[in-house]
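For reference, the structure is listed below as C-alpha coordinates.
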Amino acid sequence: MMKIRQANLGDDHGILTSLAQQYLSRHADENRFRWLYRENPFGEAQAWIACDDKDEAVGMAAVFPRQMYREGTVVSGCVLGDLCVSPKYRSVGVALQLQRSCLARARSGEFAIAYDFPSNTMLGIYRYLGISPSSKFVRWVKPLRIDHKIERIFPGRTLSRPIAATVNLGLALTERASHTPPGVHFRLAEGPCTPEYSELADRVGSSSGICTVRNSNYLTWRYWQHPSVKYEFLVARRHDELLAYCVFTTADEDAIIAELFGSMDDQVLCSLLQELGRLLRTRGVASVSMPILEEDPRSHVLRKLGFWTREAAPVIGFARESMVPGSEMLLMHGDRES
Amino acid sequence: MSGMSENKDATMRIRKFVLQKFPLARRRAVTDDDNLLETGVVDSLGVLELATFMQQEFLISVDDEDFTPENFQNITSMARFVERHVELQPGSAE
(Lines give C-alpha, C1' and ligand atoms only; values in the text may rest on other atoms or scores of the structure.)
Protein backbone atom coordinates (compact mmCIF):
# COMPACT_ATOMS: atom_id res chain seq x y z
CA MET A 1 0.00 0.00 0.00
CA MET A 2 1.44 3.36 -1.06
CA LYS A 3 1.43 6.23 1.43
CA ILE A 4 1.70 9.91 0.58
CA ARG A 5 3.00 12.23 3.26
CA GLN A 6 3.91 15.88 3.32
CA ALA A 7 7.65 16.37 3.45
CA ASN A 8 9.43 18.27 6.17
CA LEU A 9 12.00 20.26 4.20
CA GLY A 10 14.49 20.12 7.08
CA ASP A 11 14.29 16.43 7.92
CA ASP A 12 13.53 15.19 4.41
CA HIS A 13 15.94 17.26 2.33
CA GLY A 14 18.18 14.23 1.77
CA ILE A 15 15.27 12.10 0.57
CA LEU A 16 13.93 14.85 -1.70
CA THR A 17 17.34 15.57 -3.19
CA SER A 18 18.06 11.92 -3.75
CA LEU A 19 14.68 11.29 -5.43
CA ALA A 20 15.04 14.35 -7.67
CA GLN A 21 18.60 13.44 -8.57
CA GLN A 22 17.70 9.85 -9.40
CA TYR A 23 14.46 10.38 -11.26
CA LEU A 24 14.42 14.01 -12.42
CA SER A 25 17.84 15.35 -13.28
CA ARG A 26 21.42 14.78 -12.26
CA HIS A 27 21.62 18.57 -11.69
CA ALA A 28 19.05 18.33 -8.90
CA ASP A 29 21.69 18.47 -6.18
CA GLU A 30 21.80 19.98 -2.68
CA ASN A 31 22.49 23.46 -4.07
CA ARG A 32 19.42 23.30 -6.25
CA PHE A 33 17.35 22.05 -3.35
CA ARG A 34 18.48 24.87 -1.07
CA TRP A 35 17.91 27.47 -3.77
CA LEU A 36 14.58 26.19 -5.09
CA TYR A 37 12.94 24.79 -1.98
CA ARG A 38 14.25 27.00 0.80
CA GLU A 39 15.47 30.34 -0.54
CA ASN A 40 12.56 31.35 -2.77
CA PRO A 41 11.68 34.91 -1.65
CA PHE A 42 7.97 34.10 -2.05
CA GLY A 43 8.17 31.29 0.48
CA GLU A 44 9.43 27.77 0.93
CA ALA A 45 8.25 25.00 -1.35
CA GLN A 46 5.81 22.38 -0.14
CA ALA A 47 6.56 18.82 -1.12
CA TRP A 48 5.01 15.38 -0.84
CA ILE A 49 6.75 12.03 -0.71
CA ALA A 50 5.29 8.69 -1.78
CA CYS A 51 6.44 5.72 0.31
CA ASP A 52 5.89 2.05 -0.40
CA ASP A 53 4.81 -0.55 2.16
CA LYS A 54 8.43 -0.84 3.40
CA ASP A 55 8.42 2.95 3.96
CA GLU A 56 10.89 3.43 1.16
CA ALA A 57 10.52 6.78 -0.65
CA VAL A 58 9.63 6.12 -4.28
CA GLY A 59 8.33 9.43 -5.59
CA MET A 60 7.84 13.11 -4.90
CA ALA A 61 6.07 16.23 -6.10
CA ALA A 62 6.10 19.86 -5.02
CA VAL A 63 4.48 23.26 -5.30
CA PHE A 64 6.59 26.41 -5.39
CA PRO A 65 5.02 29.66 -4.15
CA ARG A 66 4.75 32.76 -6.28
CA GLN A 67 3.34 36.19 -5.76
CA MET A 68 1.24 37.11 -8.75
CA TYR A 69 -0.62 40.09 -10.07
CA ARG A 70 -4.27 39.52 -10.76
CA GLU A 71 -6.52 42.39 -11.76
CA GLY A 72 -4.07 44.89 -10.35
CA THR A 73 -3.63 43.31 -6.92
CA VAL A 74 -1.01 40.93 -5.60
CA VAL A 75 -2.26 37.42 -4.78
CA SER A 76 -0.52 34.25 -3.72
CA GLY A 77 0.07 31.66 -6.40
CA CYS A 78 2.14 28.58 -7.01
CA VAL A 79 3.69 26.53 -9.77
CA LEU A 80 3.59 22.74 -9.60
CA GLY A 81 6.74 20.81 -10.34
CA ASP A 82 9.39 18.22 -9.56
CA LEU A 83 6.99 15.30 -9.85
CA CYS A 84 9.02 12.13 -10.26
CA VAL A 85 8.52 8.46 -9.49
CA SER A 86 10.85 5.49 -9.36
CA PRO A 87 10.67 3.43 -12.57
CA LYS A 88 9.68 0.46 -10.40
CA TYR A 89 6.41 2.23 -9.59
CA ARG A 90 5.61 3.90 -12.89
CA SER A 91 2.19 2.36 -13.13
CA VAL A 92 0.54 5.79 -12.89
CA GLY A 93 -1.06 5.19 -9.50
CA VAL A 94 1.78 6.81 -7.53
CA ALA A 95 1.91 9.82 -9.84
CA LEU A 96 -1.86 10.16 -9.55
CA GLN A 97 -1.72 10.15 -5.77
CA LEU A 98 1.12 12.68 -5.69
CA GLN A 99 -0.65 14.91 -8.17
CA ARG A 100 -3.84 14.80 -6.14
CA SER A 101 -1.88 16.00 -3.09
CA CYS A 102 -0.35 18.89 -5.03
CA LEU A 103 -3.69 19.83 -6.57
CA ALA A 104 -5.45 19.74 -3.22
CA ARG A 105 -2.91 22.23 -1.87
CA ALA A 106 -2.86 24.34 -5.02
CA ARG A 107 -6.65 24.62 -4.86
CA SER A 108 -6.77 25.25 -1.13
CA GLY A 109 -7.43 28.72 0.19
CA GLU A 110 -3.69 29.20 0.47
CA PHE A 111 -3.21 29.93 -3.25
CA ALA A 112 -5.45 32.01 -5.47
CA ILE A 113 -3.72 30.96 -8.70
CA ALA A 114 -1.76 27.88 -9.71
CA TYR A 115 -0.19 26.78 -12.95
CA ASP A 116 1.77 23.92 -14.42
CA PHE A 117 3.65 22.98 -17.57
CA PRO A 118 2.82 19.27 -17.71
CA SER A 119 4.65 16.64 -19.71
CA ASN A 120 2.58 14.38 -21.96
CA THR A 121 2.24 11.79 -19.22
CA MET A 122 1.23 14.43 -16.71
CA LEU A 123 -1.23 15.85 -19.17
CA GLY A 124 -2.81 12.39 -19.31
CA ILE A 125 -3.07 12.45 -15.54
CA TYR A 126 -4.62 15.92 -15.58
CA ARG A 127 -7.15 14.78 -18.17
CA TYR A 128 -7.93 11.71 -16.08
CA LEU A 129 -8.60 14.09 -13.19
CA GLY A 130 -10.93 16.12 -15.40
CA ILE A 131 -8.58 19.06 -16.03
CA SER A 132 -7.88 20.27 -19.57
CA PRO A 133 -5.05 22.52 -20.74
CA SER A 134 -5.67 26.28 -20.58
CA SER A 135 -3.33 27.13 -23.40
CA LYS A 136 -0.21 26.16 -25.29
CA PHE A 137 3.31 27.25 -24.62
CA VAL A 138 4.75 27.90 -28.07
CA ARG A 139 8.46 28.09 -28.77
CA TRP A 140 9.33 30.87 -31.20
CA VAL A 141 12.75 30.56 -32.74
CA LYS A 142 14.90 32.73 -34.95
CA PRO A 143 18.06 31.61 -36.75
CA LEU A 144 21.01 33.97 -36.25
CA ARG A 145 23.81 32.12 -38.00
CA ILE A 146 23.75 29.03 -40.14
CA ASP A 147 27.42 28.05 -40.39
CA HIS A 148 26.95 24.54 -39.05
CA LYS A 149 23.86 23.80 -41.09
CA ILE A 150 25.64 24.84 -44.26
CA GLU A 151 28.68 22.77 -43.30
CA ARG A 152 26.45 19.73 -42.97
CA ILE A 153 25.00 20.30 -46.43
CA PHE A 154 28.32 21.28 -48.09
CA PRO A 155 31.10 19.48 -46.21
CA GLY A 156 33.94 21.24 -48.09
CA ARG A 157 34.97 24.57 -46.59
CA THR A 158 35.67 26.15 -49.98
CA LEU A 159 31.99 26.05 -50.79
CA SER A 160 30.40 26.20 -47.33
CA ARG A 161 32.25 29.30 -46.07
CA PRO A 162 31.15 31.78 -48.74
CA ILE A 163 27.60 30.42 -48.70
CA ALA A 164 27.41 30.66 -44.89
CA ALA A 165 28.93 34.15 -44.93
CA THR A 166 26.36 35.33 -47.46
CA VAL A 167 23.40 33.86 -45.61
CA ASN A 168 24.70 35.11 -42.23
CA LEU A 169 25.03 38.57 -43.70
CA GLY A 170 21.45 38.38 -44.96
CA LEU A 171 20.25 37.34 -41.50
CA ALA A 172 22.25 40.15 -39.86
CA LEU A 173 20.87 42.75 -42.26
CA THR A 174 17.34 42.01 -41.12
CA GLU A 175 18.37 43.42 -37.70
CA ARG A 176 19.02 46.85 -39.20
CA ALA A 177 15.51 47.32 -40.45
CA SER A 178 13.99 49.12 -37.48
CA HIS A 179 15.14 52.14 -35.50
CA THR A 180 15.87 52.42 -31.82
CA PRO A 181 13.46 54.87 -30.17
CA PRO A 182 15.09 58.25 -29.37
CA GLY A 183 17.04 58.33 -26.13
CA VAL A 184 16.87 54.54 -25.64
CA HIS A 185 20.07 52.63 -25.04
CA PHE A 186 20.90 49.03 -24.15
CA ARG A 187 23.34 47.52 -21.75
CA LEU A 188 24.09 44.19 -20.13
CA ALA A 189 23.35 44.42 -16.39
CA GLU A 190 26.34 43.76 -14.20
CA GLY A 191 24.82 42.72 -10.91
CA PRO A 192 21.73 41.78 -8.92
CA CYS A 193 18.49 43.61 -9.58
CA THR A 194 17.89 46.94 -7.89
CA PRO A 195 14.53 48.29 -6.57
CA GLU A 196 13.81 49.89 -9.96
CA TYR A 197 12.87 46.38 -11.19
CA SER A 198 10.20 46.21 -8.49
CA GLU A 199 8.90 49.61 -9.60
CA LEU A 200 8.75 48.40 -13.21
CA ALA A 201 6.92 45.24 -12.09
CA ASP A 202 4.34 47.36 -10.26
CA ARG A 203 3.96 49.71 -13.19
CA VAL A 204 3.70 47.10 -15.95
CA GLY A 205 2.97 43.78 -14.31
CA SER A 206 -0.24 44.86 -12.67
CA SER A 207 -1.73 45.54 -16.10
CA SER A 208 -0.34 42.47 -17.88
CA GLY A 209 -2.97 39.95 -16.82
CA ILE A 210 -2.07 37.24 -14.32
CA CYS A 211 1.68 37.22 -14.01
CA THR A 212 4.48 36.78 -11.51
CA VAL A 213 5.50 39.78 -9.42
CA ARG A 214 8.92 40.29 -10.97
CA ASN A 215 10.31 42.33 -8.12
CA SER A 216 14.03 42.76 -7.50
CA ASN A 217 14.18 40.02 -4.84
CA TYR A 218 12.49 37.50 -7.09
CA LEU A 219 14.59 38.33 -10.15
CA THR A 220 17.83 38.27 -8.16
CA TRP A 221 16.95 34.90 -6.70
CA ARG A 222 15.55 33.39 -9.89
CA TYR A 223 18.37 34.44 -12.19
CA TRP A 224 21.44 35.85 -10.46
CA GLN A 225 21.46 33.22 -7.74
CA HIS A 226 20.51 30.25 -9.91
CA PRO A 227 22.82 27.40 -8.86
CA SER A 228 23.57 25.94 -12.27
CA VAL A 229 22.42 28.17 -15.13
CA LYS A 230 24.10 31.46 -16.02
CA TYR A 231 21.55 34.09 -17.01
CA GLU A 232 22.22 37.54 -18.36
CA PHE A 233 20.09 40.68 -18.37
CA LEU A 234 20.02 42.93 -21.41
CA VAL A 235 18.40 46.13 -20.24
CA ALA A 236 16.71 48.94 -22.20
CA ARG A 237 16.76 52.40 -20.62
CA ARG A 238 15.64 55.79 -21.73
CA HIS A 239 18.30 57.99 -20.18
CA ASP A 240 18.32 56.50 -16.65
CA GLU A 241 14.83 55.08 -16.60
CA LEU A 242 14.44 51.31 -16.81
CA LEU A 243 12.06 50.60 -19.71
CA ALA A 244 12.34 46.87 -20.33
CA TYR A 245 14.68 43.95 -19.98
CA CYS A 246 15.37 40.62 -21.51
CA VAL A 247 16.80 37.71 -19.49
CA PHE A 248 18.54 35.07 -21.54
CA THR A 249 20.86 32.12 -21.27
CA THR A 250 23.01 30.37 -23.82
CA ALA A 251 23.76 26.68 -24.10
CA ASP A 252 25.97 25.36 -26.89
CA GLU A 253 24.99 27.52 -29.84
CA ASP A 254 21.42 28.28 -28.86
CA ALA A 255 20.06 31.03 -26.67
CA ILE A 256 16.76 31.02 -24.87
CA ILE A 257 14.91 34.08 -23.66
CA ALA A 258 13.56 33.44 -20.17
CA GLU A 259 12.00 36.87 -19.68
CA LEU A 260 11.02 39.77 -21.87
CA PHE A 261 9.41 42.26 -19.58
CA GLY A 262 8.66 45.93 -19.28
CA SER A 263 7.29 48.38 -21.77
CA MET A 264 4.84 46.77 -24.17
CA ASP A 265 5.69 49.41 -26.77
CA ASP A 266 6.41 47.56 -30.01
CA GLN A 267 9.34 49.79 -30.92
CA VAL A 268 11.06 49.25 -27.56
CA LEU A 269 10.48 45.48 -27.69
CA CYS A 270 11.68 45.26 -31.29
CA SER A 271 14.83 47.24 -30.66
CA LEU A 272 15.61 45.30 -27.47
CA LEU A 273 15.25 41.97 -29.26
CA GLN A 274 17.28 43.21 -32.21
CA GLU A 275 20.02 44.34 -29.87
CA LEU A 276 19.97 40.89 -28.31
CA GLY A 277 20.21 39.34 -31.77
CA ARG A 278 23.27 41.47 -32.59
CA LEU A 279 24.93 40.58 -29.29
CA LEU A 280 24.29 36.85 -29.71
CA ARG A 281 25.51 36.89 -33.29
CA THR A 282 28.85 38.34 -32.22
CA ARG A 283 29.14 35.44 -29.78
CA GLY A 284 28.58 32.89 -32.54
CA VAL A 285 25.13 31.85 -31.28
CA ALA A 286 23.18 30.06 -34.01
CA SER A 287 19.58 30.60 -32.86
CA VAL A 288 17.47 32.31 -30.24
CA SER A 289 14.22 30.92 -28.85
CA MET A 290 11.44 32.47 -26.85
CA PRO A 291 8.69 30.24 -25.43
CA ILE A 292 5.46 32.14 -24.68
CA LEU A 293 1.75 31.42 -24.46
CA GLU A 294 0.05 31.25 -27.82
CA GLU A 295 -2.20 34.18 -26.84
CA ASP A 296 0.75 36.38 -25.83
CA PRO A 297 0.19 39.88 -27.27
CA ARG A 298 3.88 40.09 -28.22
CA SER A 299 3.62 37.26 -30.75
CA HIS A 300 3.25 39.73 -33.62
CA VAL A 301 6.52 41.43 -32.61
CA LEU A 302 8.33 38.11 -32.77
CA ARG A 303 6.83 37.34 -36.15
CA LYS A 304 7.82 40.77 -37.45
CA LEU A 305 11.40 40.15 -36.31
CA GLY A 306 11.68 36.88 -38.19
CA PHE A 307 10.86 34.39 -35.43
CA TRP A 308 9.04 31.20 -36.42
CA THR A 309 6.81 29.01 -34.30
CA ARG A 310 8.09 25.57 -33.45
CA GLU A 311 6.78 22.94 -31.02
CA ALA A 312 4.07 23.71 -28.50
CA ALA A 313 3.49 22.24 -25.05
CA PRO A 314 0.39 22.35 -22.85
CA VAL A 315 -0.05 24.82 -19.99
CA ILE A 316 -2.57 24.47 -17.22
CA GLY A 317 -3.73 27.42 -15.15
CA PHE A 318 -6.39 27.37 -12.50
CA ALA A 319 -7.85 29.57 -9.83
CA ARG A 320 -9.02 27.07 -7.22
CA GLU A 321 -11.78 25.10 -8.98
CA SER A 322 -12.00 27.17 -12.16
CA MET A 323 -9.64 27.14 -15.11
CA VAL A 324 -7.78 30.28 -16.17
CA PRO A 325 -7.67 30.84 -19.93
CA GLY A 326 -4.32 31.53 -21.56
CA SER A 327 -5.53 34.95 -22.68
CA GLU A 328 -5.58 36.05 -19.02
CA MET A 329 -2.04 34.93 -18.19
CA LEU A 330 1.45 36.12 -19.02
CA LEU A 331 3.85 33.21 -18.66
CA MET A 332 7.36 32.88 -20.01
CA HIS A 333 10.18 30.36 -19.91
CA GLY A 334 11.37 31.78 -16.58
CA ASP A 335 8.06 30.87 -14.98
CA ARG A 336 8.90 27.19 -15.30
CA GLU A 337 10.59 25.68 -12.33
CA SER A 338 11.86 22.23 -13.15
CA MET B 1 -25.95 -13.61 -15.31
CA SER B 2 -23.33 -15.99 -13.88
CA GLY B 3 -19.90 -14.80 -12.83
CA MET B 4 -18.31 -16.75 -15.64
CA SER B 5 -20.44 -15.22 -18.39
CA GLU B 6 -19.97 -11.73 -16.87
CA ASN B 7 -16.24 -12.28 -17.04
CA LYS B 8 -16.51 -13.47 -20.63
CA ASP B 9 -18.50 -10.38 -21.51
CA ALA B 10 -15.98 -8.07 -19.78
CA THR B 11 -13.10 -9.84 -21.51
CA MET B 12 -14.75 -9.37 -24.88
CA ARG B 13 -15.51 -5.68 -24.34
CA ILE B 14 -12.02 -4.93 -23.01
CA ARG B 15 -10.44 -6.84 -25.88
CA LYS B 16 -12.51 -4.84 -28.37
CA PHE B 17 -11.42 -1.56 -26.75
CA VAL B 18 -7.75 -2.59 -26.61
CA LEU B 19 -7.74 -3.55 -30.28
CA GLN B 20 -9.54 -0.37 -31.26
CA LYS B 21 -7.44 1.99 -29.19
CA PHE B 22 -3.91 0.62 -29.39
CA PRO B 23 -2.53 0.12 -32.92
CA LEU B 24 0.31 -2.09 -31.67
CA ALA B 25 -2.23 -4.48 -30.16
CA ARG B 26 -3.83 -4.88 -33.59
CA ARG B 27 -0.50 -5.32 -35.37
CA ARG B 28 0.67 -7.94 -32.89
CA ALA B 29 -2.74 -9.59 -32.66
CA VAL B 30 -2.44 -9.75 -28.87
CA THR B 31 -4.10 -12.54 -26.98
CA ASP B 32 -5.97 -12.15 -23.70
CA ASP B 33 -2.93 -13.23 -21.72
CA ASP B 34 -0.21 -11.25 -23.49
CA ASN B 35 1.48 -8.75 -21.20
CA LEU B 36 0.53 -5.36 -22.64
CA LEU B 37 2.74 -3.32 -20.32
CA GLU B 38 6.03 -5.19 -20.68
CA THR B 39 5.67 -5.44 -24.45
CA GLY B 40 5.03 -1.70 -24.74
CA VAL B 41 1.59 -2.13 -26.31
CA VAL B 42 0.14 0.03 -23.54
CA ASP B 43 2.11 2.81 -21.79
CA SER B 44 1.17 4.76 -18.67
CA LEU B 45 -1.12 7.06 -20.63
CA GLY B 46 -2.77 4.00 -22.12
CA VAL B 47 -3.40 2.66 -18.63
CA LEU B 48 -5.28 5.88 -17.84
CA GLU B 49 -7.35 5.43 -20.99
CA LEU B 50 -8.11 1.85 -20.04
CA ALA B 51 -9.13 2.92 -16.53
CA THR B 52 -11.40 5.62 -17.94
CA PHE B 53 -12.95 3.09 -20.30
CA MET B 54 -13.50 0.54 -17.52
CA GLN B 55 -15.11 3.14 -15.29
CA GLN B 56 -17.50 4.32 -17.98
CA GLU B 57 -18.24 0.96 -19.55
CA PHE B 58 -18.75 -1.08 -16.38
CA LEU B 59 -19.73 1.71 -13.98
CA ILE B 60 -17.03 0.79 -11.51
CA SER B 61 -14.60 3.04 -9.70
CA VAL B 62 -10.85 2.67 -10.08
CA ASP B 63 -8.94 3.99 -7.08
CA ASP B 64 -5.41 5.34 -7.33
CA GLU B 65 -4.17 2.26 -5.48
CA ASP B 66 -5.69 0.03 -8.17
CA PHE B 67 -3.21 1.27 -10.78
CA THR B 68 -0.88 -1.70 -10.41
CA PRO B 69 0.70 -3.83 -13.12
CA GLU B 70 -1.20 -6.83 -11.72
CA ASN B 71 -4.54 -5.22 -12.57
CA PHE B 72 -3.61 -3.87 -15.98
CA GLN B 73 -1.00 -6.24 -17.38
CA ASN B 74 -3.32 -8.08 -19.76
CA ILE B 75 -6.92 -8.36 -20.90
CA THR B 76 -7.64 -11.26 -18.57
CA SER B 77 -6.39 -9.41 -15.49
CA MET B 78 -8.45 -6.34 -16.39
CA ALA B 79 -11.56 -8.47 -16.84
CA ARG B 80 -10.94 -10.06 -13.44
CA PHE B 81 -10.54 -6.61 -11.92
CA VAL B 82 -13.85 -5.52 -13.45
CA GLU B 83 -15.57 -8.67 -12.23
CA ARG B 84 -14.32 -8.10 -8.66
CA HIS B 85 -15.45 -4.50 -8.68
CA VAL B 86 -18.84 -5.17 -10.25
CA GLU B 87 -19.46 -7.63 -7.41
CA LEU B 88 -18.68 -4.83 -4.96
CA GLN B 89 -21.17 -2.39 -6.51
CA PRO B 90 -24.30 -1.79 -4.44
CA GLY B 91 -27.19 -3.80 -5.86
CA SER B 92 -24.94 -6.00 -7.98
CA ALA B 93 -26.05 -9.16 -6.14
CA GLU B 94 -29.69 -8.73 -7.26
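Lettering and numbering for the C-alpha coordinates are positional, with chains as A, B, ... in the shown order, residues counted from 1 in each chain, and ligands counted from 1 in the shown order.
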Find the residues around Ala236 in chain A up to 10 Å (only C-alpha atoms counted), leave out those fewer than 3 positions away in its own chain, and share them as a CSV table (one decimal) with N, CA and C atoms, in the first residue's frame.
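Result written to part35.csv:
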```
chain,number,residue,atom,x,y,z
A,184,VAL,N,16.8,55.9,-26.2
A,184,VAL,CA,16.9,54.5,-25.6
A,184,VAL,C,18.2,53.9,-25.9
A,185,HIS,N,18.8,53.3,-24.9
A,185,HIS,CA,20.1,52.6,-25.0
A,185,HIS,C,20.0,51.3,-24.3
A,186,PHE,N,20.9,50.4,-24.7
A,186,PHE,CA,20.9,49.0,-24.1
A,186,PHE,C,22.2,48.7,-23.5
A,187,ARG,N,22.1,47.9,-22.5
A,187,ARG,CA,23.3,47.5,-21.8
A,187,ARG,C,23.1,46.2,-21.0
A,188,LEU,N,24.2,45.4,-20.9
A,188,LEU,CA,24.1,44.2,-20.1
A,188,LEU,C,24.2,44.6,-18.7
A,189,ALA,N,23.3,44.1,-17.8
A,189,ALA,CA,23.3,44.4,-16.4
A,189,ALA,C,24.5,43.7,-15.8
A,233,PHE,N,21.2,39.7,-18.2
A,233,PHE,CA,20.1,40.7,-18.4
A,233,PHE,C,20.5,41.7,-19.4
A,239,HIS,N,17.4,57.2,-21.1
A,239,HIS,CA,18.3,58.0,-20.2
A,239,HIS,C,18.6,57.1,-19.0
A,240,ASP,N,18.1,57.4,-17.8
A,240,ASP,CA,18.3,56.5,-16.7
A,240,ASP,C,17.1,55.6,-16.3
A,241,GLU,N,16.0,55.8,-17.0
A,241,GLU,CA,14.8,55.1,-16.6
A,241,GLU,C,14.8,53.7,-17.2
A,242,LEU,N,14.5,52.7,-16.3
A,242,LEU,CA,14.4,51.3,-16.8
A,242,LEU,C,13.1,51.1,-17.6
A,243,LEU,N,13.3,50.8,-18.9
A,243,LEU,CA,12.1,50.6,-19.7
A,243,LEU,C,11.6,49.1,-19.8
A,244,ALA,N,12.6,48.3,-20.1
A,244,ALA,CA,12.3,46.9,-20.3
A,244,ALA,C,13.6,46.1,-20.2
A,245,TYR,N,13.5,44.8,-20.0
A,245,TYR,CA,14.7,43.9,-20.0
A,245,TYR,C,14.4,42.6,-20.6
A,246,CYS,N,15.5,41.9,-20.9
A,246,CYS,CA,15.4,40.6,-21.5
A,246,CYS,C,16.4,39.7,-20.7
A,262,GLY,N,8.6,44.5,-19.4
A,262,GLY,CA,8.7,45.9,-19.3
A,262,GLY,C,7.7,46.6,-20.2
A,263,SER,N,8.1,47.7,-20.8
A,263,SER,CA,7.3,48.4,-21.8
A,263,SER,C,6.7,47.4,-22.8
A,268,VAL,N,10.1,49.6,-28.6
A,268,VAL,CA,11.1,49.3,-27.6
A,268,VAL,C,11.4,47.8,-27.6
A,269,LEU,N,10.3,46.9,-27.7
A,269,LEU,CA,10.5,45.5,-27.7
A,269,LEU,C,11.3,45.1,-28.9
A,271,SER,N,13.4,46.8,-30.7
A,271,SER,CA,14.8,47.2,-30.7
A,271,SER,C,15.6,46.5,-29.6
A,272,LEU,N,14.9,46.1,-28.5
A,272,LEU,CA,15.6,45.3,-27.5
A,272,LEU,C,16.0,43.9,-28.0
A,275,GLU,N,18.7,44.2,-30.5
A,275,GLU,CA,20.0,44.3,-29.9
A,275,GLU,C,20.5,43.0,-29.3
```
Tell me as an MDAnalysis selection string which residues belonging to chain A come within 6 Å of chain B, counting only C-alpha atoms.
chainID A and resid 91:93 121 124
Students should find that CA of Ser77 in chain B and CA of Arg15 in chain B are spaced 11.4 Å
Margin query: as an NGL selection string, please: the residues near Ile14 in chain B (cut-off 12 Å, only C-alpha atoms, same-chain neighbours under 3 positions excluded).
Written below: :B and (7-11 or 17-22 or 31-32 or 49-58 or 72 or 74-83)
**Message:** Taking 2 positions as the minimum chain separation for residues in the same chain, which residues sit within 6 Å of range 68-75 of chain A when counting only C-alpha atoms? Answer as number ranges by chain.
**Reply:** A: 206, 210-213
Counting only C-alpha atoms, closest pick from B:Val86, B:Met12, B:Leu59, B:Ala25 relative to Gly40 in chain B is B:Ala25
**Q.** Selection: 12 Å around His148 in chain A, only C-alpha atoms, excl. self and same-chain fewer than 6 positions, as JSON, numbers by chain
**A.** {"A": [154, 155, 156, 157, 160, 161, 163, 164, 165, 167, 168, 253, 284, 285, 286, 287]}
